[in-house]
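input_12.pdb follows; it contains PDB, C-alpha atoms.
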ATOM      1  CA  MET A   1      92.750 -76.832  79.162
ATOM      2  CA  ASN A   2      93.007 -75.748  82.773
ATOM      3  CA  GLY A   3      89.870 -74.334  84.368
ATOM      4  CA  PRO A   4      89.536 -71.623  87.011
ATOM      5  CA  GLY A   5      89.674 -74.239  89.798
ATOM      6  CA  SER A   6      93.046 -75.573  88.682
ATOM      7  CA  GLN A   7      94.408 -72.019  88.280
ATOM      8  CA  THR A   8      93.337 -71.204  91.837
ATOM      9  CA  ALA A   9      94.827 -74.482  93.098
ATOM     10  CA  ASP A  10      98.106 -73.611  91.388
ATOM     11  CA  LEU A  11      98.066 -70.108  92.880
ATOM     12  CA  ILE A  12      97.440 -71.484  96.393
ATOM     13  CA  ALA A  13     100.194 -74.071  95.955
ATOM     14  CA  ARG A  14     102.637 -71.336  94.932
ATOM     15  CA  CYS A  15     101.594 -69.234  97.944
ATOM     16  CA  THR A  16     102.337 -72.108 100.321
ATOM     17  CA  THR A  17     105.805 -72.626  98.851
ATOM     18  CA  GLY A  18     106.840 -69.065  99.716
ATOM     19  CA  ASP A  19     106.273 -67.399  96.325
ATOM     20  CA  ASP A  20     105.805 -63.717  97.241
ATOM     21  CA  ALA A  21     104.506 -62.842  93.777
ATOM     22  CA  ALA A  22     101.824 -65.527  94.114
ATOM     23  CA  ARG A  23     100.863 -64.212  97.557
ATOM     24  CA  ALA A  24     100.535 -60.690  96.188
ATOM     25  CA  GLN A  25      98.440 -62.018  93.292
ATOM     26  CA  PHE A  26      96.182 -63.980  95.683
ATOM     27  CA  CYS A  27      95.615 -60.893  97.848
ATOM     28  CA  GLY A  28      94.953 -58.768  94.780
ATOM     29  CA  GLU A  29      92.429 -61.214  93.333
ATOM     30  CA  TYR A  30      90.434 -61.702  96.537
ATOM     31  CA  LEU A  31      90.825 -58.380  98.374
ATOM     32  CA  ASP A  32      87.540 -56.879  97.153
ATOM     33  CA  PHE A  33      85.712 -60.140  97.854
ATOM     34  CA  VAL A  34      87.018 -60.315 101.452
ATOM     35  CA  ARG A  35      86.334 -56.598 101.965
ATOM     36  CA  HIS A  36      82.692 -57.074 100.883
ATOM     37  CA  ALA A  37      82.347 -60.187 103.072
ATOM     38  CA  ALA A  38      83.654 -58.191 106.052
ATOM     39  CA  ALA A  39      81.236 -55.323 105.363
ATOM     40  CA  ARG A  40      78.285 -57.730 105.034
ATOM     41  CA  THR A  41      79.183 -59.427 108.325
ATOM     42  CA  LEU A  42      79.559 -56.099 110.129
ATOM     43  CA  HIS A  43      76.135 -55.079 108.856
ATOM     44  CA  ARG A  44      74.546 -58.446 109.680
ATOM     45  CA  TYR A  45      75.773 -58.354 113.267
ATOM     46  CA  GLY A  46      74.575 -54.821 113.858
ATOM     47  CA  ALA A  47      77.786 -52.809 113.810
ATOM     48  CA  ALA A  48      76.763 -49.171 114.271
ATOM     49  CA  ARG A  49      78.802 -48.175 111.259
ATOM     50  CA  ALA A  50      81.158 -49.912 108.901
ATOM     51  CA  ASP A  51      83.404 -47.278 107.413
ATOM     52  CA  ALA A  52      85.804 -48.071 104.588
ATOM     53  CA  LEU A  53      88.833 -47.798 106.847
ATOM     54  CA  GLU A  54      87.534 -50.372 109.338
ATOM     55  CA  THR A  55      86.528 -52.728 106.524
ATOM     56  CA  ASP A  56      89.973 -52.392 104.914
ATOM     57  CA  ASP A  57      91.675 -53.055 108.248
ATOM     58  CA  LEU A  58      89.601 -56.196 108.803
ATOM     59  CA  ALA A  59      90.293 -57.445 105.271
ATOM     60  CA  ASN A  60      94.026 -56.884 105.755
ATOM     61  CA  GLU A  61      93.897 -58.764 109.067
ATOM     62  CA  VAL A  62      92.207 -61.694 107.318
ATOM     63  CA  PHE A  63      94.974 -61.841 104.705
ATOM     64  CA  ALA A  64      97.627 -61.566 107.420
ATOM     65  CA  LYS A  65      96.013 -64.614 109.058
ATOM     66  CA  LEU A  66      95.869 -66.520 105.766
ATOM     67  CA  LEU A  67      99.519 -65.873 104.956
ATOM     68  CA  ALA A  68     100.916 -66.353 108.481
ATOM     69  CA  ASN A  69     103.160 -69.320 109.279
ATOM     70  CA  ASN A  70     103.987 -69.898 105.629
ATOM     71  CA  CYS A  71     100.291 -69.926 104.636
ATOM     72  CA  ALA A  72      99.392 -72.712 107.092
ATOM     73  CA  LEU A  73      95.706 -71.689 107.102
ATOM     74  CA  LEU A  74      95.529 -71.231 103.330
ATOM     75  CA  ASN A  75      97.121 -74.659 102.951
ATOM     76  CA  LYS A  76      93.965 -76.188 104.495
ATOM     77  CA  VAL A  77      91.884 -75.403 101.409
ATOM     78  CA  ARG A  78      90.975 -78.827 100.043
ATOM     79  CA  ASP A  79      89.069 -77.835  96.939
ATOM     80  CA  SER A  80      90.061 -74.637  95.186
ATOM     81  CA  ARG A  81      86.608 -74.464  93.571
ATOM     82  CA  THR A  82      85.141 -73.565  96.978
ATOM     83  CA  ILE A  83      87.676 -70.869  97.833
ATOM     84  CA  THR A  84      85.037 -68.123  97.973
ATOM     85  CA  ALA A  85      82.796 -70.036 100.419
ATOM     86  CA  TRP A  86      85.867 -70.799 102.517
ATOM     87  CA  LEU A  87      86.947 -67.139 102.486
ATOM     88  CA  VAL A  88      83.450 -66.065 103.563
ATOM     89  CA  ALA A  89      83.644 -68.397 106.577
ATOM     90  CA  ILE A  90      87.141 -67.255 107.571
ATOM     91  CA  THR A  91      86.221 -63.562 107.167
ATOM     92  CA  ARG A  92      82.968 -63.943 109.050
ATOM     93  CA  ASN A  93      84.675 -65.600 112.025
ATOM     94  CA  HIS A  94      87.369 -62.918 112.098
ATOM     95  CA  VAL A  95      84.835 -60.077 112.023
ATOM     96  CA  ILE A  96      82.746 -61.688 114.789
ATOM     97  CA  ASP A  97      85.878 -62.041 116.939
ATOM     98  CA  HIS A  98      86.630 -58.368 116.250
ATOM     99  CA  LEU A  99      83.100 -57.324 117.278
ATOM    100  CA  ARG A 100      83.351 -59.390 120.476
ATOM    101  CA  ARG A 101      86.649 -57.729 121.395
ATOM    102  CA  GLU A 102      85.154 -54.284 120.717
ATOM    103  CA  SER A 103      82.118 -55.125 122.840
ATOM    104  CA  LEU A 104      84.300 -56.259 125.749
ATOM    105  CA  ARG A 105      86.406 -53.090 125.477
ATOM    106  CA  GLY A 106      83.259 -50.966 125.465
ATOM    107  CA  ARG A 107      81.885 -52.717 128.548
ATOM    108  CA  ALA A 108      85.180 -52.307 130.392
ATOM    109  CA  ALA A 109      85.302 -48.596 129.506
ATOM    110  CA  THR A 110      81.765 -47.927 130.751
ATOM    111  CA  ARG A 111      82.177 -49.783 134.065
ATOM    112  CA  GLY A 112      84.050 -46.840 135.547
ATOM    113  CA  HIS A 113      81.219 -44.473 134.620
ATOM    114  CA  GLU A 114      78.272 -46.563 135.836
ATOM    115  CA  GLU A 115      77.479 -44.276 138.775
ATOM    116  CA  GLN A 116      77.205 -41.289 136.439
ATOM    117  CA  THR A 117      74.904 -43.022 133.949
ATOM    118  CA  LEU A 118      71.172 -42.591 134.390
ATOM    119  CA  TYR A 119      69.089 -45.732 134.084
ATOM    120  CA  VAL A 120      66.441 -45.502 131.392
ATOM    121  CA  PRO A 121      64.006 -48.427 131.565
ATOM    122  CA  PRO A 122      63.466 -50.035 128.150
ATOM    123  CA  SER A 123      60.006 -50.582 126.734
ATOM    124  CA  SER A 124      58.344 -53.905 127.550
ATOM    125  CA  ILE A 125      58.637 -54.928 123.897
ATOM    126  CA  GLY A 126      62.366 -54.290 123.972
ATOM    127  CA  VAL A 127      62.698 -56.346 127.161
ATOM    128  CA  ILE A 128      60.831 -59.315 125.689
ATOM    129  CA  ALA A 129      62.816 -59.167 122.437
ATOM    130  CA  GLY A 130      66.058 -58.889 124.404
ATOM    131  CA  GLU A 131      65.151 -61.859 126.596
ATOM    132  CA  ARG A 132      64.283 -63.980 123.576
ATOM    133  CA  ALA A 133      67.496 -63.026 121.790
ATOM    134  CA  GLU A 134      69.489 -63.914 124.920
ATOM    135  CA  THR A 135      67.645 -67.256 125.205
ATOM    136  CA  VAL A 136      68.456 -68.068 121.573
ATOM    137  CA  ARG A 137      72.111 -67.072 122.080
ATOM    138  CA  SER A 138      72.324 -69.249 125.199
ATOM    139  CA  ALA A 139      70.702 -72.180 123.409
ATOM    140  CA  VAL A 140      73.119 -71.882 120.484
ATOM    141  CA  SER A 141      76.082 -71.723 122.868
ATOM    142  CA  LEU A 142      75.067 -75.123 124.315
ATOM    143  CA  LEU A 143      75.609 -76.804 120.954
ATOM    144  CA  ASP A 144      78.817 -78.596 120.045
ATOM    145  CA  ALA A 145      81.229 -76.178 118.319
ATOM    146  CA  ARG A 146      81.045 -78.010 114.974
ATOM    147  CA  ASP A 147      77.231 -78.154 115.121
ATOM    148  CA  ARG A 148      77.121 -74.441 115.949
ATOM    149  CA  PHE A 149      79.470 -73.619 113.064
ATOM    150  CA  ALA A 150      77.384 -75.773 110.696
ATOM    151  CA  LEU A 151      74.196 -73.896 111.630
ATOM    152  CA  GLU A 152      75.936 -70.568 111.133
ATOM    153  CA  LEU A 153      77.184 -71.578 107.691
ATOM    154  CA  TYR A 154      73.754 -72.903 106.702
ATOM    155  CA  PHE A 155      71.473 -70.189 108.095
ATOM    156  CA  LEU A 156      73.638 -67.063 108.222
ATOM    157  CA  GLN A 157      75.878 -67.570 105.211
ATOM    158  CA  GLY A 158      73.328 -69.481 103.109
ATOM    159  CA  LEU A 159      75.847 -72.096 101.973
ATOM    160  CA  THR A 160      74.779 -75.346 100.359
ATOM    161  CA  TYR A 161      75.536 -78.703 101.988
ATOM    162  CA  ALA A 162      78.197 -79.318  99.316
ATOM    163  CA  GLN A 163      79.964 -76.029 100.098
ATOM    164  CA  MET A 164      79.748 -76.748 103.817
ATOM    165  CA  ALA A 165      81.157 -80.237 103.310
ATOM    166  CA  ASP A 166      84.277 -78.741 101.718
ATOM    167  CA  ILE A 167      84.748 -76.262 104.552
ATOM    168  CA  LEU A 168      84.078 -78.793 107.337
ATOM    169  CA  HIS A 169      86.032 -81.585 105.600
ATOM    170  CA  GLU A 170      83.049 -83.937 105.864
ATOM    171  CA  ASN A 171      80.837 -85.633 103.287
ATOM    172  CA  VAL A 172      77.500 -84.111 102.285
ATOM    173  CA  ASN A 173      75.415 -86.723 104.142
ATOM    174  CA  THR A 174      77.312 -86.077 107.380
ATOM    175  CA  VAL A 175      76.839 -82.317 107.016
ATOM    176  CA  SER A 176      73.118 -82.745 106.299
ATOM    177  CA  ALA A 177      72.727 -84.977 109.366
ATOM    178  CA  ARG A 178      74.748 -82.525 111.484
ATOM    179  CA  VAL A 179      72.501 -79.585 110.523
ATOM    180  CA  ARG A 180      69.336 -81.642 111.108
ATOM    181  CA  ARG A 181      70.575 -82.856 114.510
ATOM    182  CA  ALA A 182      71.711 -79.361 115.587
ATOM    183  CA  LYS A 183      68.339 -77.882 114.569
ATOM    184  CA  GLY A 184      66.586 -80.549 116.643
ATOM    185  CA  LYS A 185      68.722 -79.845 119.727
ATOM    186  CA  LEU A 186      68.194 -76.112 119.342
ATOM    187  CA  ARG A 187      64.431 -76.566 118.945
ATOM    188  CA  GLN A 188      64.254 -78.652 122.159
ATOM    189  CA  VAL A 189      66.133 -76.067 124.228
ATOM    190  CA  LEU A 190      64.033 -73.199 122.868
ATOM    191  CA  GLU A 191      60.764 -75.067 123.510
ATOM    192  CA  GLN A 192      61.822 -75.573 127.139
ATOM    193  CA  HIS A 193      61.946 -71.772 127.350
ATOM    194  CA  GLY A 194      58.554 -71.327 125.681
ATOM    195  CA  ILE A 195      59.897 -70.336 122.263
ATOM    196  CA  ARG A 196      58.323 -72.349 119.470
ATOM    197  CA  GLU A 197      58.702 -72.190 115.718
ATOM    198  CA  PRO A 198      55.812 -70.341 114.056
TER     199      PRO A 198
END
Encoded form (structure tokens):
Amino acid sequence: MNGPGSQTADLIARCTTGDDAARAQFCGEYLDFVRHAAARTLHRYGAARADALETDDLANEVFAKLLANNCALLNKVRDSRTITAWLVAITRNHVIDHLRRESLRGRAATRGHEEQTLYVPPSSIGVIAGERAETVRSAVSLLDARDRFALELYFLQGLTYAQMADILHENVNTVSARVRRAKGKLRQVLEQHGIREP
């Protein structure tokens, strides 16, 4: 008897061979899941509001990405049993890219109005918190891209090493070592800036 994993594998295989019915079925089965993942990521990264329309648009963009170029991205799924963890990672990255683009647009739009904007000094607590957040962001940006992605999957998405191994196409021991090494590098950089783990 075929289990859910083999059914998903069959569905993905049909999607990659150009079966439009299979693609529609895949989108139908995972649309709510991707929509919720997008909403969670928007919330986690401090989006002012995440209305249903924006969440739907982001989910549709994720599926457009997955199905583009004859499902080239979807074809990278190695183990159909981890499809949900993989979809979370893809959705999260897409939403973060979206938020970055929006932030850049917002900055560009306000540049022309800088002379008209009154400066309101933030509280000292806000300044310290902002400086620490910027230091952490800078420290994370110094990490190798795969190490950075591994930390994000582990800490922000809460994935297990086994789930991460499937997404990163590495074995569990390599993933575990990668997370441990990345945490060590991050700790060193933060300690140089006076930020220590409690």
Work out where the centre of an axis-aligned box around every listed atom of segment 140-149 of chain A lies and how long its edges are once 4 Å is added on each side; give both in Å to one decimal as lines of an AutoDock Vina configuration file.
center_x = 77.2
center_y = -75.2
center_z = 118.7
size_x = 16.1
size_y = 14.9
size_z = 19.3
Original post:
Suppose you want the space between atom CA of His98 of chain A and atom CA of Leu142 of chain A; what is it in Å?
Top reply: 21.9 Å
Original post:
If you count all atoms listed in the file, which residues fall within 12 Å of Ala24 of chain A, apart from same-chain ones fewer than 3 positions away, as JSON, numbers by chain?
Top reply: {"A": [11, 12, 14, 15, 18, 19, 20, 21, 27, 28, 29, 30, 31, 63, 64, 67]}
Original post:
atom CA of Arg92 of chain A and atom CA of Ala177 of chain A, how far apart in Å?
Top reply: 23.4 Å
Subject >> Shell of 12 Å around His36 of chain A, only C-alpha atoms, local chain residues under 2 positions omitted, as number ranges by chain >> reply: A: 30-34, 38-43, 50-52, 54-56, 58-59, 84, 87-88, 91-92, 95
Same residues, C-alpha atoms, saved as a PDB file, keeping the file's coordinate frame:
ATOM      1  CA  TYR A  30      90.434 -61.702  96.537  1.00  0.00           C
ATOM      2  CA  LEU A  31      90.825 -58.380  98.374  1.00  0.00           C
ATOM      3  CA  ASP A  32      87.540 -56.879  97.153  1.00  0.00           C
ATOM      4  CA  PHE A  33      85.712 -60.140  97.854  1.00  0.00           C
ATOM      5  CA  VAL A  34      87.018 -60.315 101.452  1.00  0.00           C
ATOM      6  CA  ALA A  38      83.654 -58.191 106.052  1.00  0.00           C
ATOM      7  CA  ALA A  39      81.236 -55.323 105.363  1.00  0.00           C
ATOM      8  CA  ARG A  40      78.285 -57.730 105.034  1.00  0.00           C
ATOM      9  CA  THR A  41      79.183 -59.427 108.325  1.00  0.00           C
ATOM     10  CA  LEU A  42      79.559 -56.099 110.129  1.00  0.00           C
ATOM     11  CA  HIS A  43      76.135 -55.079 108.856  1.00  0.00           C
ATOM     12  CA  ALA A  50      81.158 -49.912 108.901  1.00  0.00           C
ATOM     13  CA  ASP A  51      83.404 -47.278 107.413  1.00  0.00           C
ATOM     14  CA  ALA A  52      85.804 -48.071 104.588  1.00  0.00           C
ATOM     15  CA  GLU A  54      87.534 -50.372 109.338  1.00  0.00           C
ATOM     16  CA  THR A  55      86.528 -52.728 106.524  1.00  0.00           C
ATOM     17  CA  ASP A  56      89.973 -52.392 104.914  1.00  0.00           C
ATOM     18  CA  LEU A  58      89.601 -56.196 108.803  1.00  0.00           C
ATOM     19  CA  ALA A  59      90.293 -57.445 105.271  1.00  0.00           C
ATOM     20  CA  THR A  84      85.037 -68.123  97.973  1.00  0.00           C
ATOM     21  CA  LEU A  87      86.947 -67.139 102.486  1.00  0.00           C
ATOM     22  CA  VAL A  88      83.450 -66.065 103.563  1.00  0.00           C
ATOM     23  CA  THR A  91      86.221 -63.562 107.167  1.00  0.00           C
ATOM     24  CA  ARG A  92      82.968 -63.943 109.050  1.00  0.00           C
ATOM     25  CA  VAL A  95      84.835 -60.077 112.023  1.00  0.00           C
TER      26      VAL A  95
END
**OP:** Find the distance between atom CA of Leu53 of chain A and atom CA of Ala22 of chain A and write it in Å to one decimal.
**Re:**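 Interatomic distance, atom CA of Leu53 of chain A to atom CA of Ala22 of chain A: 25.4 Å.
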Original post:
Quick one: which residues end up in the PyMOL selection byres ((chain A and resi 164) around 12) for this structure, as a ChimeraX atom specification?
Top reply: /A:79,82-86,88-89,146-147,149-155,157-163,165-176,178-179
**OP:** Using the chain letters and numbering of this document, enumerate as a PyMOL selection string the residues selected by the PyMOL selection byres ((chain A and resi 10) around 12).
**Re:** chain A and resi 2-9+11-17+19+22-23+25-26+75+77+79-81
Residue selection dump (C-alpha atoms) as a PDB file, in the frame of the given file:
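This went into part-v2.pdb:
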ATOM      1  CA  ASN A   2      93.007 -75.748  82.773  1.00  0.00           C
ATOM      2  CA  GLY A   3      89.870 -74.334  84.368  1.00  0.00           C
ATOM      3  CA  PRO A   4      89.536 -71.623  87.011  1.00  0.00           C
ATOM      4  CA  GLY A   5      89.674 -74.239  89.798  1.00  0.00           C
ATOM      5  CA  SER A   6      93.046 -75.573  88.682  1.00  0.00           C
ATOM      6  CA  GLN A   7      94.408 -72.019  88.280  1.00  0.00           C
ATOM      7  CA  THR A   8      93.337 -71.204  91.837  1.00  0.00           C
ATOM      8  CA  ALA A   9      94.827 -74.482  93.098  1.00  0.00           C
ATOM      9  CA  LEU A  11      98.066 -70.108  92.880  1.00  0.00           C
ATOM     10  CA  ILE A  12      97.440 -71.484  96.393  1.00  0.00           C
ATOM     11  CA  ALA A  13     100.194 -74.071  95.955  1.00  0.00           C
ATOM     12  CA  ARG A  14     102.637 -71.336  94.932  1.00  0.00           C
ATOM     13  CA  CYS A  15     101.594 -69.234  97.944  1.00  0.00           C
ATOM     14  CA  THR A  16     102.337 -72.108 100.321  1.00  0.00           C
ATOM     15  CA  THR A  17     105.805 -72.626  98.851  1.00  0.00           C
ATOM     16  CA  ASP A  19     106.273 -67.399  96.325  1.00  0.00           C
ATOM     17  CA  ALA A  22     101.824 -65.527  94.114  1.00  0.00           C
ATOM     18  CA  ARG A  23     100.863 -64.212  97.557  1.00  0.00           C
ATOM     19  CA  GLN A  25      98.440 -62.018  93.292  1.00  0.00           C
ATOM     20  CA  PHE A  26      96.182 -63.980  95.683  1.00  0.00           C
ATOM     21  CA  ASN A  75      97.121 -74.659 102.951  1.00  0.00           C
ATOM     22  CA  VAL A  77      91.884 -75.403 101.409  1.00  0.00           C
ATOM     23  CA  ASP A  79      89.069 -77.835  96.939  1.00  0.00           C
ATOM     24  CA  SER A  80      90.061 -74.637  95.186  1.00  0.00           C
ATOM     25  CA  ARG A  81      86.608 -74.464  93.571  1.00  0.00           C
TER      26      ARG A  81
END
**OP:** Point out the residue among A:Gln188, A:Asn70, A:Asn93, A:Ser103 with the least atom-to-atom distance to Leu143 of chain A, counting only C-alpha atoms.
**Re:** A:Gln188
**OP:** Could you tell me which of A:Asn69, A:Arg181, A:Arg101, A:Gln192 comes closest to Ala139 of chain A if we count all atoms listed in the file?
**Re:** A:Gln192
